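Colleague: For reference, this is my_file-v1.cif, and it has mmCIF, C-alpha atoms.
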```
data_work
#
loop_
_atom_site.label_atom_id
_atom_site.label_comp_id
_atom_site.auth_asym_id
_atom_site.auth_seq_id
_atom_site.Cartn_x
_atom_site.Cartn_y
_atom_site.Cartn_z
CA MET P 1 13.39 -3.82 -9.66
CA THR P 2 12.48 -6.03 -12.55
CA HIS P 3 8.94 -4.91 -13.36
CA SER P 4 8.26 -2.81 -16.42
CA HIS P 5 7.40 0.79 -15.77
CA GLY P 6 3.75 1.17 -16.66
CA THR P 7 0.12 1.30 -15.65
CA LEU P 8 -1.18 -1.67 -13.67
CA PHE P 9 -4.77 -0.47 -13.19
CA LYS P 10 -6.76 2.74 -13.62
CA VAL P 11 -7.84 5.36 -11.08
CA PRO P 12 -10.02 8.11 -12.61
CA GLY P 13 -8.06 11.34 -13.15
CA CYS P 14 -4.75 9.77 -12.10
CA HIS P 15 -1.77 7.96 -13.53
CA VAL P 16 -0.99 4.66 -11.82
CA ASP P 17 2.52 3.30 -12.38
CA HIS P 18 4.83 0.73 -10.89
CA LEU P 19 7.55 2.78 -9.20
CA GLN P 20 11.22 2.04 -9.88
CA LEU P 21 14.47 3.06 -8.24
CA GLU P 22 14.59 6.17 -10.45
CA ASP P 23 11.40 7.29 -8.63
CA THR P 24 13.13 7.29 -5.23
CA ALA P 25 13.34 11.12 -4.93
CA ALA P 26 9.63 11.63 -5.77
CA LEU P 27 8.64 8.86 -3.35
CA GLN P 28 10.86 10.30 -0.60
CA SER P 29 9.21 13.69 -1.10
CA LEU P 30 5.76 12.11 -0.76
CA LEU P 31 6.77 10.26 2.41
CA GLU P 32 8.12 13.50 3.91
CA LYS P 33 4.92 15.42 3.04
CA SER P 34 2.96 12.60 4.66
CA SER P 35 5.18 12.45 7.74
CA ASP P 36 2.13 12.38 10.04
CA TYR P 37 1.89 8.66 9.23
CA SER P 38 5.56 7.99 10.05
CA GLN P 39 5.22 10.02 13.27
CA LEU P 40 2.22 7.92 14.35
CA VAL P 41 3.84 4.57 13.54
CA THR P 42 7.54 5.09 14.36
CA GLY P 43 7.53 8.17 16.56
CA SER P 44 9.74 10.10 14.11
CA PRO P 45 9.67 11.56 10.60
CA PRO P 46 10.67 9.31 7.69
CA GLY P 47 14.41 8.72 7.50
CA LEU P 48 16.54 9.77 4.55
CA SER P 49 16.39 6.25 3.09
CA ALA P 50 12.66 5.62 3.71
CA ALA P 51 11.76 5.65 0.01
CA TYR P 52 14.69 3.43 -0.96
CA SER P 53 13.70 0.96 1.77
CA LEU P 54 10.08 0.99 0.64
CA LEU P 55 11.19 0.22 -2.91
CA THR P 56 13.68 -2.51 -2.05
CA ASP P 57 12.63 -4.26 1.19
CA TYR P 58 10.57 -7.42 0.98
CA PRO P 59 9.94 -10.35 3.34
CA GLU P 60 12.19 -13.37 3.60
CA GLY P 61 11.32 -15.95 0.96
CA LYS P 62 10.01 -13.32 -1.48
CA THR P 63 11.82 -11.75 -4.43
CA PRO P 64 11.71 -8.32 -6.09
CA ASN P 65 9.24 -9.81 -8.60
CA ASP P 66 6.75 -10.30 -5.74
CA LYS P 67 6.87 -6.64 -4.65
CA PHE P 68 4.85 -3.84 -6.19
CA VAL P 69 5.29 -0.23 -5.11
CA ILE P 70 2.56 1.53 -7.04
CA GLY P 71 2.61 5.29 -7.51
CA ILE P 72 -0.55 7.32 -7.96
CA SER P 73 0.10 10.61 -9.72
CA THR P 74 -1.86 13.59 -10.97
CA GLU P 75 -2.30 14.09 -14.70
CA LEU P 76 0.87 16.22 -14.52
CA LYS P 77 2.77 13.23 -13.07
CA TYR P 78 3.03 14.73 -9.57
CA LEU P 79 3.21 11.77 -7.13
CA ILE P 80 0.31 12.08 -4.66
CA GLY P 81 -0.05 8.53 -3.36
CA VAL P 82 1.62 5.16 -2.97
CA LEU P 83 0.42 1.62 -2.54
CA ASP P 84 2.91 -1.07 -1.44
CA VAL P 85 2.00 -4.74 -1.81
CA ILE P 86 3.60 -8.20 -1.75
CA ARG P 87 2.19 -10.98 -3.94
CA ASP P 88 1.46 -14.43 -2.44
CA TYR P 89 2.30 -13.33 1.09
CA PRO P 90 1.85 -14.52 3.76
CA ALA P 91 0.44 -17.46 1.79
CA GLN P 92 -0.25 -18.42 -1.82
CA HIS P 93 -3.13 -16.36 -3.32
CA GLU P 94 -2.92 -13.80 -0.48
CA TRP P 95 -1.49 -10.33 -1.11
CA TRP P 96 -0.14 -8.26 1.79
CA LEU P 97 -0.92 -4.57 1.49
CA GLY P 98 1.86 -2.84 3.40
CA LEU P 99 0.90 0.77 2.75
CA LEU P 100 -1.73 2.95 1.13
CA LEU P 101 -0.74 6.56 1.69
CA PHE P 102 -1.73 9.89 0.15
CA ASP P 103 -0.29 13.38 0.34
CA PRO P 104 -2.39 15.17 3.03
CA LYS P 105 -3.58 17.71 0.40
CA TYR P 106 -5.26 14.86 -1.51
CA ARG P 107 -6.87 13.01 1.42
CA GLY P 108 -10.60 13.03 2.03
CA GLN P 109 -11.45 13.18 -1.70
CA GLY P 110 -12.27 9.51 -2.22
CA LEU P 111 -8.95 8.71 -3.92
CA GLY P 112 -8.09 6.02 -1.37
CA ARG P 113 -11.37 4.22 -2.01
CA GLN P 114 -11.00 4.51 -5.79
CA ALA P 115 -7.37 3.37 -5.71
CA TYR P 116 -8.11 0.41 -3.43
CA ARG P 117 -11.12 -0.76 -5.47
CA ALA P 118 -9.13 -0.61 -8.73
CA PHE P 119 -6.21 -2.36 -7.03
CA GLU P 120 -8.53 -5.08 -5.71
CA GLN P 121 -9.93 -5.78 -9.17
CA TRP P 122 -6.38 -5.98 -10.56
CA VAL P 123 -5.07 -8.39 -7.89
CA SER P 124 -8.17 -10.53 -8.26
CA GLN P 125 -7.33 -10.85 -11.96
CA GLN P 126 -3.79 -11.86 -10.90
CA GLY P 127 -5.21 -14.78 -8.89
CA ALA P 128 -5.42 -13.19 -5.45
CA GLN P 129 -8.13 -14.63 -3.24
CA ARG P 130 -7.50 -12.48 -0.19
CA VAL P 131 -5.89 -9.15 0.69
CA CYS P 132 -4.34 -8.84 4.16
CA LEU P 133 -2.92 -5.83 5.98
CA GLY P 134 -1.87 -4.67 9.41
CA ILE P 135 -2.64 -1.38 11.10
CA VAL P 136 -1.37 -0.02 14.38
CA GLU P 137 -4.17 0.13 16.92
CA GLN P 138 -3.69 3.89 17.45
CA ASN P 139 -4.49 4.58 13.78
CA GLN P 140 -8.27 4.81 14.19
CA ARG P 141 -8.79 6.56 10.83
CA ALA P 142 -7.11 3.65 9.03
CA HIS P 143 -9.12 1.12 11.03
CA GLN P 144 -12.39 2.84 10.09
CA PHE P 145 -11.32 3.21 6.44
CA TRP P 146 -10.45 -0.46 6.05
CA GLN P 147 -13.66 -1.54 7.77
CA THR P 148 -15.68 0.51 5.28
CA MET P 149 -13.72 -1.20 2.50
CA GLY P 150 -14.93 -4.60 3.73
CA PHE P 151 -11.93 -5.71 5.80
CA GLU P 152 -12.39 -7.62 9.04
CA ALA P 153 -10.00 -7.82 11.98
CA VAL P 154 -8.68 -11.37 12.33
CA GLU P 155 -5.82 -11.04 14.81
CA LYS P 156 -4.16 -8.70 17.29
CA ARG P 157 -0.38 -8.89 17.53
CA HIS P 158 1.02 -7.39 20.72
CA ALA P 159 4.43 -5.79 21.22
CA SER P 160 5.30 -5.05 17.58
CA ARG P 161 8.08 -2.44 17.47
CA PHE P 162 8.31 0.18 14.73
CA GLY P 163 11.14 2.64 15.22
CA ASN P 164 10.87 4.02 18.75
CA VAL P 165 7.29 2.92 19.35
CA GLU P 166 5.77 -0.36 20.46
CA HIS P 167 2.30 -1.08 19.07
CA VAL P 168 -0.53 -3.51 19.04
CA VAL P 169 -1.05 -4.40 15.37
CA ILE P 170 -4.51 -5.33 14.12
CA VAL P 171 -4.30 -7.75 11.21
CA MET P 172 -7.23 -7.35 8.84
CA GLU P 173 -8.22 -9.25 5.74
CA ARG P 174 -10.76 -9.23 2.95
CA THR P 175 -11.71 -12.26 0.90
CA LEU P 176 -12.05 -11.36 -2.76
CA THR P 177 -14.69 -12.46 -5.21
CA ARG P 178 -13.22 -13.64 -8.48
CA GLN P 179 -13.37 -10.94 -11.17
CA ALA P 180 -13.84 -11.92 -14.76
CA THR P 181 -10.90 -10.93 -16.92
CA PRO P 182 -12.04 -8.04 -19.14
CA SER P 183 -12.03 -8.74 -22.84
CA PRO P 184 -9.65 -6.66 -24.98
#
```
How would this structure read if it were set down as C-alpha cells?
Modeller:
Amino acid sequence: MTHSHGTLFKVPGCHVDHLQLEDTAALQSLLEKSSDYSQLVTGSPPGLSAAYSLLTDYPEGKTPNDKFVIGISTELKYLIGVLDVIRDYPAQHEWWLGLLLFDPKYRGQGLGRQAYRAFEQWVSQQGAQRVCLGIVEQNQRAHQFWQTMGFEAVEKRHASRFGNVEHVVIVMERTLTRQATPSP
C-alpha cells in the first residue's frame, strides 16, 4: 500500500492508523476474534487470507491509493477495530464504507459511534459529500446502528452471494454537511 503509516483522525482513548501489509497478522487476529460477523455474512469463519484480502482488494477502476483500511487500537496498540473504505466510489465525492468492525469485547461501549463520527468529519474534509454502505438484510444490529447514525436505505439488491450464503443487501447512504477545515 502506498499510504504513510499514521493517524488519519482521532477517536478518544484510541490510536487510529492506516493499516499496512505489515499489520496483516494483527488484522487477521481481529477478524478471527470477530468471526460472528463472517459467520453471518459468508456462513463460515474468516479464511486464512481474510486480512490480506481486506488490505489489498479494491473495486475495478480504483487503485491502492483509493483504499483505506483504518485500524483502531487501544493505547497499548492492541488492534480492537477496523474501518475499510474506498474513496470516490461508486461515484466522485462518494466514499464506500465496506466494513466497520470491533472485537466483541469492545462492542457496546460507543466506540463505533465515536469512530464513525470522527471518520465522517475526516472524509468530509477530504471532499466527500456522501458515505454509502451495504448491509446484509439479516444483520439487524447493523441496520439499526446505521439508521441511528443518520443513514437511509436507498436500494435493496437481491441475490448477492457472499461465500456460501445468498443475501438481500440493503444499500444505505448519508449525505454529509461540509466541515470547515480546522486551523492548525
Colleague: As an exercise, work out the distance from CA of Leu54 (chain P) to CA of Leu19 (chain P) in Å and give it to one decimal place.
Modeller: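 The value is 10.3 Å.
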Colleague: Check what the PyMOL selection byres ((chain P and resi 96) around 9) selects in the file above and give those residues as a JSON list (two decimals) with C-alpha atoms, keeping the file's coordinate frame.
Modeller:
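Everything below was put into result-v5.json:
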```json
[["chain", "number", "residue", "atom", "x", "y", "z"],
["P", 84, "ASP", "CA", 2.91, -1.07, -1.44],
["P", 85, "VAL", "CA", 2.00, -4.74, -1.81],
["P", 86, "ILE", "CA", 3.60, -8.20, -1.75],
["P", 87, "ARG", "CA", 2.19, -10.98, -3.94],
["P", 88, "ASP", "CA", 1.46, -14.43, -2.44],
["P", 89, "TYR", "CA", 2.30, -13.33, 1.09],
["P", 90, "PRO", "CA", 1.85, -14.52, 3.76],
["P", 94, "GLU", "CA", -2.92, -13.80, -0.48],
["P", 95, "TRP", "CA", -1.49, -10.33, -1.11],
["P", 97, "LEU", "CA", -0.92, -4.57, 1.49],
["P", 98, "GLY", "CA", 1.86, -2.84, 3.40],
["P", 130, "ARG", "CA", -7.50, -12.48, -0.19],
["P", 131, "VAL", "CA", -5.89, -9.15, 0.69],
["P", 132, "CYS", "CA", -4.34, -8.84, 4.16],
["P", 133, "LEU", "CA", -2.92, -5.83, 5.98],
["P", 134, "GLY", "CA", -1.87, -4.67, 9.41]]
```
Colleague: What does the distance between CA of Phe68 (chain P) and CA of Gln138 (chain P) come to in Å, to one decimal place?
Modeller: 26.3 Å
Colleague: Rank nothing, just name the residue among P:His167, P:Arg141, P:Arg174, P:Lys10 nearest to Val154 (chain P), using only C-alpha atoms.
Modeller: P:Arg174
Colleague: Can you tell me which residues surround Pro46 (chain P) at a distance of at most 12 Å, considering all atoms listed in the file, apart from same-chain residues fewer than 6 positions away, and format the answer as a list in words?
Modeller: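 Within the cut-off, the hits are Leu27, Gln28, Ser29, Leu30, Leu31, Glu32, Lys33, Ser34, Ser35, Asp36, Tyr37, Ser38, Gln39, Leu40, Tyr52, Ser53, Leu54, Phe162 and Gly163 of chain P.
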Colleague: Suppose we keep C-alpha atoms; can you now write the selection as a JSON list (two decimals), in the coordinates of the input?
Modeller:
```json
[["chain", "number", "residue", "atom", "x", "y", "z"],
["P", 27, "LEU", "CA", 8.64, 8.86, -3.35],
["P", 28, "GLN", "CA", 10.86, 10.30, -0.60],
["P", 29, "SER", "CA", 9.21, 13.69, -1.10],
["P", 30, "LEU", "CA", 5.76, 12.11, -0.76],
["P", 31, "LEU", "CA", 6.77, 10.26, 2.41],
["P", 32, "GLU", "CA", 8.12, 13.50, 3.91],
["P", 33, "LYS", "CA", 4.92, 15.42, 3.04],
["P", 34, "SER", "CA", 2.96, 12.60, 4.66],
["P", 35, "SER", "CA", 5.18, 12.45, 7.74],
["P", 36, "ASP", "CA", 2.13, 12.38, 10.04],
["P", 37, "TYR", "CA", 1.89, 8.66, 9.23],
["P", 38, "SER", "CA", 5.56, 7.99, 10.05],
["P", 39, "GLN", "CA", 5.22, 10.02, 13.27],
["P", 40, "LEU", "CA", 2.22, 7.92, 14.35],
["P", 52, "TYR", "CA", 14.69, 3.43, -0.96],
["P", 53, "SER", "CA", 13.70, 0.96, 1.77],
["P", 54, "LEU", "CA", 10.08, 0.99, 0.64],
["P", 162, "PHE", "CA", 8.31, 0.18, 14.73],
["P", 163, "GLY", "CA", 11.14, 2.64, 15.22]]
```
Colleague: Which of these, P:Val69, P:Ala115, P:Val136, P:Leu48, has the shortest distance to Val168 (chain P) once you count only C-alpha atoms?
Modeller: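 Among the listed residues, the smallest separation from Val168 (chain P) belongs to P:Val136.
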Colleague: So how far away is CA of Ile70 (chain P) from CA of Gly47 (chain P), in Å?
Modeller: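 Atom-to-atom, CA of Gly47 (chain P) to CA of Ile70 (chain P), that is 20.1 Å.
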Colleague: Here is a test: counting all atoms listed in the file, which residue of P:Thr56, P:Thr175, P:Thr42, P:Gln144 is nearest to Thr24 (chain P)?
Modeller: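 Looking only at the distances to Thr24 (chain P), the closest residue turns out to be P:Thr56.
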Colleague: Output as lines of an AutoDock Vina configuration file the centre and edge lengths (Å, one decimal) of the box along x, y and z of the file that holds every listed atom of region 83-98 of chain P after adding 4 Å on each side.
Modeller:
```
center_x = 0.2
center_y = -8.4
center_z = -0.1
size_x = 14.7
size_y = 28.0
size_z = 15.7
```
Colleague: Residues within 12 Å of Arg117 (chain P), please, as a JSON list (two decimals) with C-alpha atoms, in the frame of the given file. Count all atoms listed in the file; anything in the same chain fewer than 5 positions from it doesn't count.
Modeller:
```json
[["chain", "number", "residue", "atom", "x", "y", "z"],
["P", 9, "PHE", "CA", -4.77, -0.47, -13.19],
["P", 10, "LYS", "CA", -6.76, 2.74, -13.62],
["P", 11, "VAL", "CA", -7.84, 5.36, -11.08],
["P", 12, "PRO", "CA", -10.02, 8.11, -12.61],
["P", 110, "GLY", "CA", -12.27, 9.51, -2.22],
["P", 111, "LEU", "CA", -8.95, 8.71, -3.92],
["P", 112, "GLY", "CA", -8.09, 6.02, -1.37],
["P", 122, "TRP", "CA", -6.38, -5.98, -10.56],
["P", 123, "VAL", "CA", -5.07, -8.39, -7.89],
["P", 124, "SER", "CA", -8.17, -10.53, -8.26],
["P", 131, "VAL", "CA", -5.89, -9.15, 0.69],
["P", 146, "TRP", "CA", -10.45, -0.46, 6.05],
["P", 148, "THR", "CA", -15.68, 0.51, 5.28],
["P", 149, "MET", "CA", -13.72, -1.20, 2.50],
["P", 150, "GLY", "CA", -14.93, -4.60, 3.73],
["P", 174, "ARG", "CA", -10.76, -9.23, 2.95],
["P", 176, "LEU", "CA", -12.05, -11.36, -2.76],
["P", 179, "GLN", "CA", -13.37, -10.94, -11.17]]
```
Colleague: Around the point (-3.5, 4.4, -2.8) in the file's coordinates, collect all residues with an atom within 7 Å, using all atoms listed in the file, and return them as a PyMOL selection string.
Modeller: chain P and resi 72+81-83+100-102+112+115-116
Colleague: Given the PyMOL selection byres ((chain P and resi 74) around 12) and the file above, list the residues it selects as a PyMOL selection string.
Modeller: chain P and resi 11-17+71-73+75-81+102-103+106+111
Colleague: When distances are computed from only C-alpha atoms, which of P:Arg113, P:His93, P:Lys67, P:His18 shows the smallest separation from Gln126 (chain P)?
Modeller: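 Looking at the shortest contact to Gln126 (chain P), the residue is P:His93.
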Colleague: Neighbours of Arg157 (chain P) within 12 Å (only C-alpha atoms; same-chain residues fewer than 2 positions away dropped), as a PDB file with C-alpha atoms, in the coordinates of the input?
Modeller:
```pdb
ATOM      1  CA  GLY P 134      -1.870  -4.670   9.410  1.00  0.00           C
ATOM      2  CA  ILE P 135      -2.640  -1.380  11.100  1.00  0.00           C
ATOM      3  CA  VAL P 136      -1.370  -0.020  14.380  1.00  0.00           C
ATOM      4  CA  GLU P 137      -4.170   0.130  16.920  1.00  0.00           C
ATOM      5  CA  ALA P 153     -10.000  -7.820  11.980  1.00  0.00           C
ATOM      6  CA  VAL P 154      -8.680 -11.370  12.330  1.00  0.00           C
ATOM      7  CA  GLU P 155      -5.820 -11.040  14.810  1.00  0.00           C
ATOM      8  CA  ALA P 159       4.430  -5.790  21.220  1.00  0.00           C
ATOM      9  CA  SER P 160       5.300  -5.050  17.580  1.00  0.00           C
ATOM     10  CA  ARG P 161       8.080  -2.440  17.470  1.00  0.00           C
ATOM     11  CA  GLU P 166       5.770  -0.360  20.460  1.00  0.00           C
ATOM     12  CA  HIS P 167       2.300  -1.080  19.070  1.00  0.00           C
ATOM     13  CA  VAL P 168      -0.530  -3.510  19.040  1.00  0.00           C
ATOM     14  CA  VAL P 169      -1.050  -4.400  15.370  1.00  0.00           C
ATOM     15  CA  ILE P 170      -4.510  -5.330  14.120  1.00  0.00           C
ATOM     16  CA  VAL P 171      -4.300  -7.750  11.210  1.00  0.00           C
ATOM     17  CA  MET P 172      -7.230  -7.350   8.840  1.00  0.00           C
TER      18      MET P 172
END
```
Colleague: Could you rebuild region 96-116 of chain P with N, CA and C atoms and give me the result as an mmCIF file, keeping the file's coordinate frame?
Modeller:
```
data_model
loop_
_atom_site.group_PDB
_atom_site.id
_atom_site.type_symbol
_atom_site.label_atom_id
_atom_site.label_comp_id
_atom_site.auth_asym_id
_atom_site.auth_seq_id
_atom_site.Cartn_x
_atom_site.Cartn_y
_atom_site.Cartn_z
ATOM 1 N N TRP P 96 -0.286 -9.089 0.588
ATOM 2 C CA TRP P 96 -0.140 -8.260 1.790
ATOM 3 C C TRP P 96 0.006 -6.812 1.373
ATOM 4 N N LEU P 97 -0.942 -5.997 1.785
ATOM 5 C CA LEU P 97 -0.920 -4.570 1.490
ATOM 6 C C LEU P 97 -0.186 -3.884 2.635
ATOM 7 N N GLY P 98 1.036 -3.432 2.361
ATOM 8 C CA GLY P 98 1.860 -2.840 3.400
ATOM 9 C C GLY P 98 1.573 -1.368 3.644
ATOM 10 N N LEU P 99 1.098 -0.668 2.611
ATOM 11 C CA LEU P 99 0.900 0.770 2.750
ATOM 12 C C LEU P 99 -0.017 1.292 1.659
ATOM 13 N N LEU P 100 -0.956 2.115 2.046
ATOM 14 C CA LEU P 100 -1.730 2.950 1.130
ATOM 15 C C LEU P 100 -1.696 4.326 1.753
ATOM 16 N N LEU P 101 -1.011 5.258 1.105
ATOM 17 C CA LEU P 101 -0.740 6.560 1.690
ATOM 18 C C LEU P 101 -0.893 7.646 0.647
ATOM 19 N N PHE P 102 -1.564 8.737 1.033
ATOM 20 C CA PHE P 102 -1.730 9.890 0.150
ATOM 21 C C PHE P 102 -1.172 11.143 0.794
ATOM 22 N N ASP P 103 -0.687 12.037 -0.063
ATOM 23 C CA ASP P 103 -0.290 13.380 0.340
ATOM 24 C C ASP P 103 -1.487 13.981 1.095
ATOM 25 N N PRO P 104 -1.270 14.614 2.262
ATOM 26 C CA PRO P 104 -2.390 15.170 3.030
ATOM 27 C C PRO P 104 -3.302 16.096 2.219
ATOM 28 N N LYS P 105 -2.748 16.801 1.221
ATOM 29 C CA LYS P 105 -3.580 17.710 0.400
ATOM 30 C C LYS P 105 -4.600 16.953 -0.433
ATOM 31 N N TYR P 106 -4.387 15.652 -0.641
ATOM 32 C CA TYR P 106 -5.260 14.860 -1.510
ATOM 33 C C TYR P 106 -6.123 13.865 -0.727
ATOM 34 N N ARG P 107 -6.058 13.926 0.602
ATOM 35 C CA ARG P 107 -6.870 13.010 1.420
ATOM 36 C C ARG P 107 -8.302 13.536 1.512
ATOM 37 N N GLY P 108 -9.212 12.646 1.825
ATOM 38 C CA GLY P 108 -10.600 13.030 2.030
ATOM 39 C C GLY P 108 -11.362 13.323 0.741
ATOM 40 N N GLN P 109 -10.813 12.915 -0.403
ATOM 41 C CA GLN P 109 -11.450 13.180 -1.700
ATOM 42 C C GLN P 109 -11.930 11.895 -2.366
ATOM 43 N N GLY P 110 -11.842 10.776 -1.659
ATOM 44 C CA GLY P 110 -12.270 9.510 -2.220
ATOM 45 C C GLY P 110 -11.215 8.782 -3.032
ATOM 46 N N LEU P 111 -10.004 9.342 -3.125
ATOM 47 C CA LEU P 111 -8.950 8.710 -3.920
ATOM 48 C C LEU P 111 -8.516 7.365 -3.324
ATOM 49 N N GLY P 112 -8.471 7.277 -2.015
ATOM 50 C CA GLY P 112 -8.090 6.020 -1.370
ATOM 51 C C GLY P 112 -9.058 4.905 -1.715
ATOM 52 N N ARG P 113 -10.340 5.216 -1.657
ATOM 53 C CA ARG P 113 -11.370 4.220 -2.010
ATOM 54 C C ARG P 113 -11.249 3.813 -3.479
ATOM 55 N N GLN P 114 -11.114 4.800 -4.353
ATOM 56 C CA GLN P 114 -11.000 4.510 -5.790
ATOM 57 C C GLN P 114 -9.748 3.682 -6.075
ATOM 58 N N ALA P 115 -8.628 4.077 -5.486
ATOM 59 C CA ALA P 115 -7.370 3.370 -5.710
ATOM 60 C C ALA P 115 -7.468 1.938 -5.188
ATOM 61 N N TYR P 116 -8.018 1.761 -3.974
ATOM 62 C CA TYR P 116 -8.110 0.410 -3.430
ATOM 63 C C TYR P 116 -9.036 -0.464 -4.277
#
```
